[in-house]
Amino acid sequence: MTEATYKPKELSQILLDADTLQKRIAELAQELNRDYAGQELILLCVLKGSALFTVDLMKNLDLRVAVDFISISSYGEATKSTGVVKMVKDMEEDIKGKHVLVVEDIVDTGLTLDYLRRVLQMREPASLKICSLLSKPAHRKVELPIDYLGFTIEDYFVVGYGLDYKSFYRNLPYIGVLDPTLLDD
Ligand code: PRP
């Protein structure tokens with residue numbers, strides 16, 4: 001597979017390279033294949049950050065899967081959570097009585113998922129679980145169970161593989177650390 005290998009000068013290091021990500025995603029998919037065997041699953045991709053993760057994860061699933069998208073925003077242009085979570089775009093599927101797996105790129109404060117879980121629980125799914133590629137516990141404000149987790153990371157500002165800084169770097173096939181001197185808040 002040919003993928004971009006360039007490293008923008010704004011990155012101080014590559015934290016998780018593309019191979020490491022893809023291996024772990026395949027492992028997570030195997031867990032899901034076991035746990036949801038024989039069941040239908042709705043994957044809920046939380047835009048925009050988890051777009052790449054969702055696509056790679058679903059390609060590894062040997063299940064009857066529907067995918068839907070929701071857009072939640074808590075950061076805007078800021079690098080730290082504003083604490084104000086809002087729904088920008090709701091999902092389209094009716095999840096009542098369905099198995100739902102929320103797919104996130106990162107859990108940081110936990111505010112986004114805490115809000116989303118409460119909204120989705122009111123719609124009475126058969127089950128509601130969370131799959132996140134990354135967890136950054138350093139600034140956690142709300143404890144919540146991450147049922148399927150790729151990696152726990154230190155307190156870095158990470159970009160790439162869906163994650164952005166001011167809308168850029170989402171296209172990188174790896175997770176990199178943004179040079180902290182560039183962060184402006
Ligand atoms: C990011 C990320 C998670 C959330 C995690 O989304 O994709 O959804 O923040 O942070 P939290 O645990 O502190 O709530 P963001 O609001 O930046 O939107 P984006 O995915 O479109 O970049």
# chains A, B, ... in the order shown; residues from 1 in each chain; ligands from 1
$ residues_around --residues "region 23-36 of chain A" --least-positions-apart "5" --cutoff "7 Å" --atoms "only C-alpha atoms" --output "list in words"
Leu57, Asn60, Leu61, Asp62, Leu63, Tyr148 and Gly150 of chain A
$ residues_near_ligand --ligand "ligand 1" --cutoff "10 Å" --atoms "only C-alpha atoms and all ligand atoms" --output "count of residues only"
57
$ closest_residue --among "A:Leu172, A:Met87, A:Ile42, A:Val55" --to "Asp68 (chain A)" --atoms "only C-alpha atoms"
A:Ile42
$ atom_distance --atom1 "CA of Pro173 (chain A)" --atom2 "CA of Ile146 (chain A)"
23.3 Å
$ select_by_dssp --residues "chain A" --states "helix (DSSP H, G or I)" --output "number ranges by chain"
A: 18-35, 51-59, 111-121, 137-139, 180-182
$ residues_around --residues "Asp147 (chain A)" --least-positions-apart "2" --cutoff "6 Å" --atoms "only C-alpha atoms" --output "list in words"
Ile130, Cys131 and Pro145 of chain A
$ select_by_dssp --residues "chain A" --states "strand (DSSP E or B)" --output "number ranges by chain"
A: 11-16, 40-47, 64-73, 86-89, 99-107, 127-135, 148-152, 158-160, 163, 165, 168, 175-178
$ residues_around --residues "Glu40 (chain A)" --least-positions-apart "5" --cutoff "7 Å" --atoms "only C-alpha atoms" --output "MDAnalysis selection string"
chainID A and resid 63:65 99
$ write_last_selection --atoms "all heavy atoms" --output "short mmCIF file (atom, residue, chain, number, x, y, z; two decimals), in the first residue's frame"
data_model
loop_
_atom_site.label_atom_id
_atom_site.label_comp_id
_atom_site.auth_asym_id
_atom_site.auth_seq_id
_atom_site.Cartn_x
_atom_site.Cartn_y
_atom_site.Cartn_z
N LEU A 63 -18.68 -8.86 10.06
CA LEU A 63 -19.98 -8.77 10.70
C LEU A 63 -20.95 -8.05 9.77
O LEU A 63 -20.53 -7.38 8.83
CB LEU A 63 -19.88 -7.92 11.99
CG LEU A 63 -18.98 -8.42 13.11
CD1 LEU A 63 -18.80 -7.32 14.15
CD2 LEU A 63 -19.56 -9.67 13.76
N ARG A 64 -22.23 -8.16 10.11
CA ARG A 64 -23.23 -7.38 9.38
C ARG A 64 -23.26 -6.00 10.03
O ARG A 64 -23.76 -5.84 11.15
CB ARG A 64 -24.57 -8.10 9.51
CG ARG A 64 -25.62 -7.65 8.56
CD ARG A 64 -26.80 -8.61 8.65
NE ARG A 64 -28.01 -7.95 8.27
CZ ARG A 64 -28.39 -7.77 6.99
NH1 ARG A 64 -27.63 -8.22 6.01
NH2 ARG A 64 -29.51 -7.16 6.71
N VAL A 65 -22.69 -5.03 9.31
CA VAL A 65 -22.43 -3.72 9.92
C VAL A 65 -23.11 -2.61 9.12
O VAL A 65 -23.05 -2.59 7.89
CB VAL A 65 -20.90 -3.46 9.94
CG1 VAL A 65 -20.59 -2.00 10.16
CG2 VAL A 65 -20.24 -4.29 11.03
N HIS A 99 -27.70 -2.78 18.42
CA HIS A 99 -26.39 -2.73 19.06
C HIS A 99 -25.58 -1.61 18.41
O HIS A 99 -25.41 -1.59 17.19
CB HIS A 99 -25.66 -4.06 18.90
CG HIS A 99 -26.36 -5.19 19.59
ND1 HIS A 99 -26.39 -5.29 20.97
CD2 HIS A 99 -27.08 -6.23 19.12
CE1 HIS A 99 -27.09 -6.37 21.31
NE2 HIS A 99 -27.53 -6.96 20.21
#
$ atom_distance --atom1 "CA of Thr20 (chain A)" --atom2 "CA of Tyr161 (chain A)"
12.1 Å
$ atom_distance --atom1 "CA of Ile95 (chain A)" --atom2 "CA of Arg123 (chain A)"
6.6 Å
$ decode --residues "region 143-181 of chain A" --atoms "N, CA and C atoms" --output "tab-separated table (two decimals), in the first residue's frame"
chain	number	residue	atom	x	y	z
A	143	GLU	N	-15.07	10.17	34.19
A	143	GLU	CA	-14.64	8.78	34.00
A	143	GLU	C	-15.72	8.02	33.24
A	144	LEU	N	-15.32	7.35	32.19
A	144	LEU	CA	-16.28	6.52	31.48
A	144	LEU	C	-15.56	5.28	30.94
A	145	PRO	N	-16.32	4.18	30.82
A	145	PRO	CA	-15.70	2.95	30.35
A	145	PRO	C	-15.38	3.03	28.86
A	146	ILE	N	-14.16	2.69	28.50
A	146	ILE	CA	-13.82	2.55	27.07
A	146	ILE	C	-13.74	1.05	26.84
A	147	ASP	N	-14.74	0.50	26.16
A	147	ASP	CA	-14.85	-0.96	26.04
A	147	ASP	C	-13.77	-1.54	25.15
A	148	TYR	N	-13.38	-0.80	24.14
A	148	TYR	CA	-12.33	-1.25	23.21
A	148	TYR	C	-11.38	-0.08	23.02
A	149	LEU	N	-10.12	-0.28	23.43
A	149	LEU	CA	-9.16	0.83	23.40
A	149	LEU	C	-7.89	0.42	22.65
A	150	GLY	N	-7.46	1.31	21.75
A	150	GLY	CA	-6.23	1.04	21.00
A	150	GLY	C	-4.99	1.30	21.83
A	151	PHE	N	-4.81	2.53	22.26
A	151	PHE	CA	-3.58	2.92	22.97
A	151	PHE	C	-3.89	3.98	24.02
A	152	THR	N	-3.19	3.90	25.14
A	152	THR	CA	-3.19	4.99	26.12
A	152	THR	C	-1.94	5.82	25.87
A	153	ILE	N	-2.11	7.14	25.80
A	153	ILE	CA	-0.95	7.99	25.48
A	153	ILE	C	-0.69	9.01	26.59
A	154	GLU	N	0.53	9.53	26.58
A	154	GLU	CA	0.91	10.58	27.52
A	154	GLU	C	0.26	11.91	27.10
A	155	ASP	N	0.51	12.92	27.89
A	155	ASP	CA	-0.12	14.22	27.66
A	155	ASP	C	0.58	15.00	26.53
A	156	TYR	N	0.42	14.50	25.32
A	156	TYR	CA	0.94	15.19	24.13
A	156	TYR	C	-0.24	15.74	23.34
A	157	PHE	N	0.01	16.80	22.55
A	157	PHE	CA	-1.00	17.24	21.59
A	157	PHE	C	-0.73	16.46	20.31
A	158	VAL	N	-1.59	15.51	20.03
A	158	VAL	CA	-1.34	14.61	18.90
A	158	VAL	C	-2.18	14.98	17.68
A	159	VAL	N	-1.58	14.77	16.53
A	159	VAL	CA	-2.27	15.02	15.25
A	159	VAL	C	-2.02	13.84	14.33
A	160	GLY	N	-2.78	13.83	13.24
A	160	GLY	CA	-2.62	12.77	12.25
A	160	GLY	C	-3.65	11.67	12.43
A	161	TYR	N	-3.80	10.85	11.40
A	161	TYR	CA	-4.75	9.76	11.40
A	161	TYR	C	-6.13	10.24	11.88
A	162	GLY	N	-6.57	11.36	11.32
A	162	GLY	CA	-7.88	11.91	11.67
A	162	GLY	C	-7.84	13.10	12.60
A	163	LEU	N	-6.79	13.15	13.43
A	163	LEU	CA	-6.75	14.23	14.43
A	163	LEU	C	-6.10	15.48	13.82
A	164	ASP	N	-6.65	16.63	14.19
A	164	ASP	CA	-6.19	17.87	13.56
A	164	ASP	C	-5.60	18.86	14.55
A	165	TYR	N	-4.90	19.84	13.99
A	165	TYR	CA	-4.62	21.09	14.69
A	165	TYR	C	-5.02	22.18	13.72
A	166	LYS	N	-6.03	22.97	14.10
A	166	LYS	CA	-6.57	24.01	13.22
A	166	LYS	C	-6.93	23.46	11.84
A	167	SER	N	-7.54	22.30	11.86
A	167	SER	CA	-8.08	21.63	10.67
A	167	SER	C	-7.06	20.89	9.80
A	168	PHE	N	-5.78	20.99	10.09
A	168	PHE	CA	-4.78	20.32	9.27
A	168	PHE	C	-4.22	19.06	9.94
A	169	TYR	N	-3.48	18.30	9.15
A	169	TYR	CA	-2.77	17.07	9.56
A	169	TYR	C	-3.66	15.82	9.64
A	170	ARG	N	-4.96	15.95	9.39
A	170	ARG	CA	-5.83	14.77	9.52
A	170	ARG	C	-5.43	13.66	8.56
A	171	ASN	N	-4.81	14.02	7.45
A	171	ASN	CA	-4.49	13.05	6.40
A	171	ASN	C	-3.30	12.17	6.71
A	172	LEU	N	-2.50	12.50	7.71
A	172	LEU	CA	-1.30	11.70	7.97
A	172	LEU	C	-1.70	10.28	8.34
A	173	PRO	N	-1.01	9.26	7.83
A	173	PRO	CA	-1.39	7.87	8.15
A	173	PRO	C	-0.85	7.38	9.49
A	174	TYR	N	-0.22	8.28	10.23
A	174	TYR	CA	0.34	7.95	11.55
A	174	TYR	C	-0.08	9.03	12.55
A	175	ILE	N	0.19	8.75	13.83
A	175	ILE	CA	-0.08	9.75	14.88
A	175	ILE	C	1.25	10.41	15.24
A	176	GLY	N	1.27	11.73	15.15
A	176	GLY	CA	2.49	12.47	15.50
A	176	GLY	C	2.21	13.46	16.62
A	177	VAL	N	3.31	13.96	17.19
A	177	VAL	CA	3.20	14.94	18.27
A	177	VAL	C	3.51	16.32	17.70
A	178	LEU	N	2.59	17.26	17.93
A	178	LEU	CA	2.80	18.62	17.44
A	178	LEU	C	3.83	19.31	18.34
A	179	ASP	N	4.76	19.99	17.72
A	179	ASP	CA	5.77	20.76	18.46
A	179	ASP	C	5.05	21.68	19.45
A	180	PRO	N	5.26	21.49	20.77
A	180	PRO	CA	4.48	22.24	21.75
A	180	PRO	C	4.69	23.75	21.67
A	181	THR	N	5.78	24.21	21.09
A	181	THR	CA	5.99	25.66	20.99
A	181	THR	C	5.02	26.30	19.99
